[in-house]
file input.cif (mmCIF, C-alpha atoms)
data_start
#
loop_
_atom_site.group_PDB
_atom_site.id
_atom_site.type_symbol
_atom_site.label_atom_id
_atom_site.label_comp_id
_atom_site.auth_asym_id
_atom_site.auth_seq_id
_atom_site.Cartn_x
_atom_site.Cartn_y
_atom_site.Cartn_z
ATOM 1 C CA MET M 202 0.000 0.000 0.000
ATOM 2 C CA THR M 203 2.818 2.405 0.829
ATOM 3 C CA LEU M 204 4.302 1.877 -2.642
ATOM 4 C CA LEU M 205 0.978 2.600 -4.312
ATOM 5 C CA ARG M 206 0.357 5.913 -2.509
ATOM 6 C CA PRO M 207 3.055 7.921 -4.348
ATOM 7 C CA ARG M 208 1.808 6.532 -7.657
ATOM 8 C CA VAL M 209 -1.785 7.452 -6.804
ATOM 9 C CA ARG M 210 -0.682 10.965 -5.851
ATOM 10 C CA ARG M 211 1.064 11.358 -9.200
ATOM 11 C CA ILE M 212 -2.052 10.480 -11.207
ATOM 12 C CA PRO M 213 -3.547 14.035 -11.137
ATOM 13 C CA LEU M 214 -0.157 15.551 -12.030
ATOM 14 C CA ASN M 215 0.334 13.107 -14.894
ATOM 15 C CA ALA M 216 -3.207 13.750 -16.118
ATOM 16 C CA ALA M 217 -2.659 17.538 -15.991
ATOM 17 C CA ALA M 218 0.645 17.184 -17.837
ATOM 18 C CA THR M 219 -0.996 15.025 -20.509
ATOM 19 C CA VAL M 220 -3.819 17.535 -21.025
ATOM 20 C CA THR M 221 -1.306 20.394 -21.251
ATOM 21 C CA VAL M 222 0.782 18.569 -23.855
ATOM 22 C CA VAL M 223 -2.300 17.719 -25.936
ATOM 23 C CA VAL M 224 -3.593 21.307 -25.806
ATOM 24 C CA CYS M 225 -0.190 22.700 -26.824
ATOM 25 C CA LEU M 226 0.420 20.202 -29.624
ATOM 26 C CA PHE M 227 -3.087 20.136 -31.121
ATOM 27 C CA PRO M 228 -2.686 23.426 -33.096
ATOM 28 C CA VAL M 229 0.548 22.060 -34.579
ATOM 29 C CA TYR M 230 -1.178 18.807 -35.518
ATOM 30 C CA TRP M 231 -4.091 20.727 -37.044
ATOM 31 C CA MET M 232 -1.716 22.855 -39.102
ATOM 32 C CA ILE M 233 0.095 19.786 -40.477
ATOM 33 C CA SER M 234 -3.072 17.791 -41.131
ATOM 34 C CA THR M 235 -4.682 20.768 -42.900
ATOM 35 C CA ALA M 236 -1.619 21.046 -45.143
ATOM 36 C CA PHE M 237 -2.280 17.510 -46.414
ATOM 37 C CA LYS M 238 -6.067 17.826 -46.801
ATOM 38 C CA PRO M 239 -7.695 18.542 -50.178
ATOM 39 C CA SER M 240 -9.273 21.984 -50.452
ATOM 40 C CA ARG M 241 -12.793 20.571 -50.392
ATOM 41 C CA ASP M 242 -12.137 18.919 -47.011
ATOM 42 C CA ILE M 243 -10.669 22.131 -45.588
ATOM 43 C CA ARG M 244 -13.816 24.085 -46.529
ATOM 44 C CA SER M 245 -16.123 21.280 -45.418
ATOM 45 C CA ALA M 246 -18.755 22.013 -42.762
ATOM 46 C CA ASP M 247 -17.669 18.782 -41.008
ATOM 47 C CA PRO M 248 -13.985 19.162 -40.009
ATOM 48 C CA GLN M 249 -12.084 15.888 -40.092
ATOM 49 C CA LEU M 250 -9.659 15.199 -37.270
ATOM 50 C CA ILE M 251 -7.792 12.666 -39.423
ATOM 51 C CA PRO M 252 -7.674 13.368 -43.182
ATOM 52 C CA HIS M 253 -9.362 10.665 -45.240
ATOM 53 C CA THR M 254 -7.616 11.843 -48.406
ATOM 54 C CA TRP M 255 -4.035 13.086 -48.573
ATOM 55 C CA THR M 256 -2.574 15.492 -51.115
ATOM 56 C CA LEU M 257 0.714 17.321 -51.733
ATOM 57 C CA ASP M 258 -0.826 20.027 -53.934
ATOM 58 C CA HIS M 259 -0.627 22.644 -51.180
ATOM 59 C CA PHE M 260 3.080 22.009 -50.696
ATOM 60 C CA ARG M 261 3.663 22.329 -54.446
ATOM 61 C CA ARG M 262 1.855 25.677 -54.490
ATOM 62 C CA ALA M 263 3.854 26.886 -51.494
ATOM 63 C CA VAL M 264 7.230 25.896 -52.937
ATOM 64 C CA THR M 265 6.465 27.320 -56.381
ATOM 65 C CA ALA M 266 4.985 30.560 -55.021
ATOM 66 C CA ASP M 267 6.631 33.832 -56.017
ATOM 67 C CA GLY M 268 9.478 34.770 -53.727
ATOM 68 C CA PHE M 269 9.789 31.489 -51.842
ATOM 69 C CA GLU M 270 13.491 30.952 -52.588
ATOM 70 C CA LEU M 271 14.329 34.654 -52.235
ATOM 71 C CA PHE M 272 12.575 35.092 -48.895
ATOM 72 C CA TRP M 273 14.045 31.814 -47.658
ATOM 73 C CA ARG M 274 17.525 33.131 -48.424
ATOM 74 C CA ASN M 275 16.753 36.430 -46.712
ATOM 75 C CA SER M 276 15.573 34.677 -43.553
ATOM 76 C CA VAL M 277 18.643 32.452 -43.446
ATOM 77 C CA LEU M 278 21.048 35.369 -43.914
ATOM 78 C CA VAL M 279 19.366 37.593 -41.335
ATOM 79 C CA THR M 280 18.971 34.804 -38.765
ATOM 80 C CA LEU M 281 22.510 33.430 -39.040
ATOM 81 C CA GLY M 282 23.988 36.939 -39.011
ATOM 82 C CA ALA M 283 22.078 37.882 -35.850
ATOM 83 C CA VAL M 284 22.993 34.625 -34.073
ATOM 84 C CA LEU M 285 26.707 34.877 -34.899
ATOM 85 C CA LEU M 286 26.917 38.532 -33.859
ATOM 86 C CA SER M 287 25.080 37.788 -30.633
ATOM 87 C CA LEU M 288 27.373 34.881 -29.749
ATOM 88 C CA LEU M 289 30.562 36.846 -30.445
ATOM 89 C CA VAL M 290 29.571 39.939 -28.453
ATOM 90 C CA ALA M 291 27.861 38.028 -25.636
ATOM 91 C CA LEU M 292 30.814 35.685 -25.182
ATOM 92 C CA GLY M 293 33.158 38.590 -24.513
ATOM 93 C CA ALA M 294 30.660 40.360 -22.244
ATOM 94 C CA ALA M 295 29.841 37.179 -20.292
ATOM 95 C CA PHE M 296 33.524 36.403 -19.785
ATOM 96 C CA ALA M 297 34.209 39.932 -18.529
ATOM 97 C CA VAL M 298 31.319 39.744 -16.060
ATOM 98 C CA ALA M 299 31.997 36.207 -14.832
ATOM 99 C CA ARG M 300 35.811 36.290 -14.614
ATOM 100 C CA MET M 301 36.845 39.912 -14.029
ATOM 101 C CA ARG M 302 36.204 42.313 -11.186
ATOM 102 C CA TRP M 303 35.609 45.863 -12.379
ATOM 103 C CA LYS M 304 33.662 48.870 -11.236
ATOM 104 C CA GLY M 305 30.125 48.950 -12.553
ATOM 105 C CA ARG M 306 29.873 45.199 -13.173
ATOM 106 C CA ARG M 307 26.660 44.848 -11.143
ATOM 107 C CA HIS M 308 25.121 47.902 -12.811
ATOM 108 C CA PHE M 309 25.983 46.465 -16.207
ATOM 109 C CA MET M 310 24.189 43.186 -15.418
ATOM 110 C CA LEU M 311 21.221 45.141 -14.063
ATOM 111 C CA MET M 312 20.936 46.981 -17.373
ATOM 112 C CA VAL M 313 21.178 43.654 -19.223
ATOM 113 C CA PHE M 314 18.304 42.239 -17.166
ATOM 114 C CA ILE M 315 16.211 45.368 -17.764
ATOM 115 C CA ALA M 316 16.891 45.125 -21.511
ATOM 116 C CA GLN M 317 15.853 41.468 -21.449
ATOM 117 C CA MET M 318 12.556 42.284 -19.701
ATOM 118 C CA ALA M 319 11.647 45.156 -22.034
ATOM 119 C CA PRO M 320 8.877 44.199 -24.514
ATOM 120 C CA TRP M 321 10.141 44.195 -28.085
ATOM 121 C CA GLU M 322 6.984 45.837 -29.402
ATOM 122 C CA SER M 323 7.641 48.992 -27.363
ATOM 123 C CA LEU M 324 10.821 49.594 -29.373
ATOM 124 C CA ILE M 325 9.265 49.454 -32.842
ATOM 125 C CA ILE M 326 8.569 53.182 -33.168
ATOM 126 C CA PRO M 327 11.994 54.359 -31.850
ATOM 127 C CA ILE M 328 13.786 51.843 -34.089
ATOM 128 C CA TYR M 329 11.706 52.912 -37.078
ATOM 129 C CA ILE M 330 12.557 56.582 -36.486
ATOM 130 C CA ILE M 331 16.275 55.819 -36.096
ATOM 131 C CA SER M 332 16.255 53.641 -39.225
ATOM 132 C CA ARG M 333 14.419 56.325 -41.215
ATOM 133 C CA ASP M 334 16.748 59.129 -40.121
ATOM 134 C CA THR M 335 19.863 57.063 -40.894
ATOM 135 C CA ASN M 336 18.531 55.852 -44.259
ATOM 136 C CA MET M 337 18.497 52.210 -43.052
ATOM 137 C CA LEU M 338 14.900 51.313 -43.890
ATOM 138 C CA ASP M 339 14.232 48.468 -46.350
ATOM 139 C CA ARG M 340 17.621 46.856 -45.717
ATOM 140 C CA LEU M 341 18.438 43.376 -44.464
ATOM 141 C CA PRO M 342 21.383 44.566 -42.292
ATOM 142 C CA THR M 343 18.872 46.636 -40.313
ATOM 143 C CA LEU M 344 16.853 43.544 -39.496
ATOM 144 C CA THR M 345 20.043 41.690 -38.590
ATOM 145 C CA LEU M 346 21.033 44.414 -36.119
ATOM 146 C CA VAL M 347 17.529 44.493 -34.609
ATOM 147 C CA TYR M 348 17.466 40.723 -34.062
ATOM 148 C CA PHE M 349 20.997 40.910 -32.660
ATOM 149 C CA MET M 350 19.803 43.537 -30.181
ATOM 150 C CA ILE M 351 16.801 41.416 -29.190
ATOM 151 C CA THR M 352 18.744 38.199 -28.561
ATOM 152 C CA LEU M 353 21.883 39.725 -26.981
ATOM 153 C CA PRO M 354 20.652 40.193 -23.346
ATOM 154 C CA PHE M 355 19.450 36.598 -23.014
ATOM 155 C CA THR M 356 22.674 35.293 -24.536
ATOM 156 C CA ILE M 357 24.797 37.283 -22.075
ATOM 157 C CA VAL M 358 22.810 36.047 -19.077
ATOM 158 C CA VAL M 359 22.968 32.377 -20.040
ATOM 159 C CA LEU M 360 26.657 32.409 -21.035
ATOM 160 C CA ARG M 361 27.588 34.299 -17.891
ATOM 161 C CA GLY M 362 25.957 31.603 -15.759
ATOM 162 C CA PHE M 363 27.603 28.863 -17.766
ATOM 163 C CA ILE M 364 31.087 30.405 -17.525
ATOM 164 C CA GLY M 365 30.535 30.679 -13.773
ATOM 165 C CA THR M 366 30.259 26.881 -13.522
ATOM 166 C CA ILE M 367 33.723 26.357 -15.059
ATOM 167 C CA PRO M 368 36.430 26.402 -12.359
ATOM 168 C CA PRO M 369 38.859 29.280 -12.990
ATOM 169 C CA GLU M 370 41.669 27.025 -11.746
ATOM 170 C CA LEU M 371 41.575 25.230 -15.111
ATOM 171 C CA GLU M 372 42.484 28.408 -16.935
ATOM 172 C CA GLU M 373 45.048 29.350 -14.292
ATOM 173 C CA ALA M 374 46.748 25.978 -14.743
ATOM 174 C CA ALA M 375 46.924 26.573 -18.496
ATOM 175 C CA GLN M 376 48.461 30.004 -17.890
ATOM 176 C CA VAL M 377 51.077 28.428 -15.640
ATOM 177 C CA ASP M 378 51.938 26.107 -18.530
ATOM 178 C CA GLY M 379 52.606 29.092 -20.765
ATOM 179 C CA CYS M 380 49.223 30.072 -22.244
ATOM 180 C CA THR M 381 48.080 33.670 -22.324
ATOM 181 C CA ARG M 382 44.762 34.526 -20.704
ATOM 182 C CA THR M 383 43.058 34.542 -24.074
ATOM 183 C CA GLY M 384 44.752 31.311 -25.104
ATOM 184 C CA ALA M 385 43.769 29.609 -21.837
ATOM 185 C CA PHE M 386 40.156 30.608 -22.352
ATOM 186 C CA ARG M 387 40.173 29.483 -25.980
ATOM 187 C CA ARG M 388 41.824 26.103 -25.311
ATOM 188 C CA VAL M 389 40.340 25.196 -21.925
ATOM 189 C CA ALA M 390 37.069 27.026 -21.244
ATOM 190 C CA LEU M 391 35.674 27.433 -24.753
ATOM 191 C CA PRO M 392 35.320 23.669 -25.450
ATOM 192 C CA LEU M 393 33.412 23.342 -22.155
ATOM 193 C CA LEU M 394 31.068 26.129 -23.247
ATOM 194 C CA VAL M 395 29.703 24.203 -26.236
ATOM 195 C CA PRO M 396 26.351 23.273 -24.536
ATOM 196 C CA GLY M 397 25.810 26.884 -23.488
ATOM 197 C CA LEU M 398 26.638 28.164 -26.964
ATOM 198 C CA MET M 399 24.226 25.634 -28.473
ATOM 199 C CA ALA M 400 21.426 26.647 -26.100
ATOM 200 C CA THR M 401 21.784 30.359 -26.724
ATOM 201 C CA SER M 402 22.240 29.964 -30.475
ATOM 202 C CA LEU M 403 19.030 27.916 -30.668
ATOM 203 C CA PHE M 404 17.115 30.595 -28.770
ATOM 204 C CA GLY M 405 18.516 33.284 -31.040
ATOM 205 C CA PHE M 406 17.717 31.257 -34.162
ATOM 206 C CA ILE M 407 14.091 30.643 -33.174
ATOM 207 C CA THR M 408 13.594 34.281 -32.138
ATOM 208 C CA ALA M 409 15.003 35.743 -35.355
ATOM 209 C CA TRP M 410 13.489 33.066 -37.610
ATOM 210 C CA ASN M 411 9.933 33.577 -36.312
ATOM 211 C CA GLU M 412 9.933 37.376 -35.913
ATOM 212 C CA PHE M 413 7.226 39.121 -37.957
ATOM 213 C CA ALA M 414 6.565 42.627 -36.620
ATOM 214 C CA TYR M 415 9.939 44.222 -37.357
ATOM 215 C CA ALA M 416 10.274 42.423 -40.695
ATOM 216 C CA ASN M 417 6.894 43.801 -41.752
ATOM 217 C CA PHE M 418 7.462 47.256 -40.290
ATOM 218 C CA LEU M 419 11.020 48.035 -41.405
ATOM 219 C CA ILE M 420 10.841 46.528 -44.910
ATOM 220 C CA ILE M 421 8.148 48.612 -46.631
ATOM 221 C CA LYS M 422 9.152 49.465 -50.189
ATOM 222 C CA GLU M 423 11.728 46.799 -51.079
ATOM 223 C CA GLN M 424 9.519 43.707 -51.243
ATOM 224 C CA ASP M 425 12.495 41.549 -52.268
ATOM 225 C CA ASN M 426 14.087 42.153 -48.850
ATOM 226 C CA ARG M 427 11.233 40.636 -46.868
ATOM 227 C CA THR M 428 11.566 37.425 -44.870
ATOM 228 C CA LEU M 429 9.556 34.218 -44.669
ATOM 229 C CA PRO M 430 7.178 35.256 -41.836
ATOM 230 C CA VAL M 431 5.978 38.156 -44.001
ATOM 231 C CA TRP M 432 5.792 35.875 -47.039
ATOM 232 C CA LEU M 433 3.400 33.584 -45.125
ATOM 233 C CA SER M 434 0.763 36.306 -45.137
ATOM 234 C CA SER M 435 0.744 36.490 -48.954
ATOM 235 C CA PHE M 436 -1.402 33.424 -49.738
ATOM 236 C CA GLN M 437 -4.530 35.210 -50.864
ATOM 237 C CA ASN M 438 -6.775 34.485 -53.837
ATOM 238 C CA THR M 439 -10.091 35.743 -55.163
ATOM 239 C CA PHE M 440 -11.938 33.607 -52.588
ATOM 240 C CA GLY M 441 -9.943 34.840 -49.574
ATOM 241 C CA THR M 442 -7.083 33.097 -47.798
ATOM 242 C CA ASP M 443 -5.717 29.934 -49.369
ATOM 243 C CA TRP M 444 -5.652 27.958 -46.125
ATOM 244 C CA GLY M 445 -4.163 24.816 -47.626
ATOM 245 C CA ALA M 446 -1.138 26.619 -49.069
ATOM 246 C CA THR M 447 -0.818 28.750 -45.919
ATOM 247 C CA MET M 448 -0.704 25.677 -43.681
ATOM 248 C CA ALA M 449 1.743 23.937 -46.024
ATOM 249 C CA ALA M 450 4.001 27.001 -46.066
ATOM 250 C CA SER M 451 3.772 27.242 -42.267
ATOM 251 C CA THR M 452 4.789 23.590 -41.956
ATOM 252 C CA LEU M 453 7.795 24.146 -44.215
ATOM 253 C CA PHE M 454 8.642 27.286 -42.255
ATOM 254 C CA ALA M 455 8.633 25.413 -38.917
ATOM 255 C CA LEU M 456 10.841 22.542 -40.137
ATOM 256 C CA PRO M 457 14.303 24.214 -39.845
ATOM 257 C CA ALA M 458 13.794 25.208 -36.199
ATOM 258 C CA LEU M 459 12.421 21.761 -35.380
ATOM 259 C CA VAL M 460 15.316 19.959 -37.067
ATOM 260 C CA ILE M 461 17.918 22.147 -35.360
ATOM 261 C CA PHE M 462 16.251 21.622 -31.972
ATOM 262 C CA LEU M 463 16.214 17.840 -32.396
ATOM 263 C CA LEU M 464 19.878 17.829 -33.416
ATOM 264 C CA LEU M 465 20.947 20.041 -30.501
ATOM 265 C CA GLN M 466 18.476 18.813 -27.880
ATOM 266 C CA ARG M 467 21.050 17.176 -25.606
ATOM 267 C CA HIS M 468 23.376 20.185 -25.670
ATOM 268 C CA VAL M 469 20.477 22.600 -25.223
ATOM 269 C CA THR M 470 19.181 20.821 -22.114
ATOM 270 C CA ALA M 471 22.644 20.738 -20.568
ATOM 271 C CA GLY M 472 23.237 24.369 -21.483
ATOM 272 C CA PHE M 473 20.067 25.696 -19.892
ATOM 273 C CA ALA M 474 20.578 23.559 -16.773
ATOM 274 C CA ALA M 475 24.178 24.678 -16.302
ATOM 275 C CA GLY M 476 23.388 28.296 -17.117
ATOM 276 C CA ALA M 477 20.697 28.346 -14.418
ATOM 277 C CA VAL M 478 23.072 27.193 -11.667
ATOM 278 C CA LYS M 479 24.934 30.462 -11.227
ATOM 279 C CA GLY M 480 22.932 32.728 -13.542
#
call {"tool": "encode", "arguments": {"input": "input.cif", "output": "structure tokens"}}
result
Amino acid sequence: MTLLRPRVRRIPLNAAATVTVVVCLFPVYWMISTAFKPSRDIRSADPQLIPHTWTLDHFRRAVTADGFELFWRNSVLVTLGAVLLSLLVALGAAFAVARMRWKGRRHFMLMVFIAQMAPWESLIIPIYIISRDTNMLDRLPTLTLVYFMITLPFTIVVLRGFIGTIPPELEEAAQVDGCTRTGAFRRVALPLLVPGLMATSLFGFITAWNEFAYANFLIIKEQDNRTLPVWLSSFQNTFGTDWGATMAASTLFALPALVIFLLLQRHVTAGFAAGAVKG
């Protein structure tokens, strides 16, 4: 009986967790299933939970749509540029905060936390005005810098916590053996930071890859400089929204982030766990 009591107590928690997972995953399932349904089934008065007929026509329309390859390239360039910039700058800032003692260090981290808590939407108008006055509207580098700014605070916080878990004695031992401070960090600490770098790069990738508001607000005239999230809103026809093609395009759009997460899952879990220890 004593062994059964903990199991009985876990039943409500397991049931709540199951309901939560189903509720969160059902919209994703509905998106994917709608992408494979024929148009007549999508517009049917009786929605089918499981498609009786499967088709790839919506995916063909999405892939052959105007601008698919161009906007895909734009999204990749902007996202990778923002992630790389964020990692390079945040790595130096996190190392300075975690390893060095300098005046204003606590105030610097306070400003980083405030920047992380600030809602992105509140910055749209100031960023638009700055971009307009500096002639940076309708340019992909502007989007790259905006996404870099958005992802940088989180990256600094996580990498700072992760660097704090690495004993400084390892780097000191390397310096005794003849390494410079930079060389000791590069040869000893940097390989141990791989999980943290993976975790923060995944967050930055998903944030920049999915962002819509800035991409729609800062790219106004030059349609060729738009990204995939804006492209997803273009599936319109004479009858309204082409839901089949929209769902197919959304499925294709979600695949890169899903694949990268599955490939980096182990490193991401370790990175977030380690970064939370001393963050």
call {"tool": "resolve_selection", "arguments": {"input": "input.cif", "expression": "the PyMOL selection byres ((chain M and resi 294-296) around 12)", "output": "count of residues only"}}
result
44
call {"tool": "resolve_selection", "arguments": {"input": "input.cif", "expression": "the PyMOL selection byres ((chain M and resi 421-424) around 12)", "output": "ChimeraX atom specification"}}
result
/M:267-268,271-272,275,329,333,337-341,414-420,425-429,431-432,435
call {"tool": "atom_distance", "arguments": {"input": "input.cif", "atom1": "CA of Val279 in chain M", "atom2": "CA of Thr345 in chain M"}}
result
5.0 Å
call {"tool": "resolve_selection", "arguments": {"input": "input.cif", "expression": "the PyMOL selection byres ((chain M and resi 455-458) around 12)", "output": "ChimeraX atom specification"}}
result
/M:229,232-233,273,276-277,280,402-411,429-430,433,448-454,459-466
call {"tool": "residues_around", "arguments": {"input": "input.cif", "residues": "Trp231 in chain M", "least_positions_apart": "2", "cutoff": "12 Å", "atoms": "only C-alpha atoms", "output": "PyMOL selection string"}}
result
chain M and resi 223-229+233-238+243+248-252+444-445+448-449+451-452
call {"tool": "atom_distance", "arguments": {"input": "input.cif", "atom1": "CA of Gly384 in chain M", "atom2": "CA of Phe314 in chain M"}}
result
29.7 Å
call {"tool": "atom_distance", "arguments": {"input": "input.cif", "atom1": "CA of Thr221 in chain M", "atom2": "CA of Ala400 in chain M"}}
result
24.1 Å
call {"tool": "closest_residue", "arguments": {"input": "input.cif", "among": "M:Thr256, M:Thr401, M:Thr447, M:Thr352", "to": "Ser434 in chain M", "atoms": "all atoms listed in the file"}}
result
M:Thr447
call {"tool": "axis_aligned_box", "arguments": {"input": "input.cif", "around": "range 283-302 of chain M", "padding_each_side": "3 Å", "output": "AutoDock Vina command-line options"}}
result
--center_x 29.5 --center_y 38.5 --center_z -23.5 --size_x 20.8 --size_y 13.7 --size_z 30.7
call {"tool": "closest_residue", "arguments": {"input": "input.cif", "among": "M:Asn215, M:Cys380, M:Val284, M:Thr254", "to": "Met350 in chain M", "atoms": "only C-alpha atoms"}}
result
M:Val284
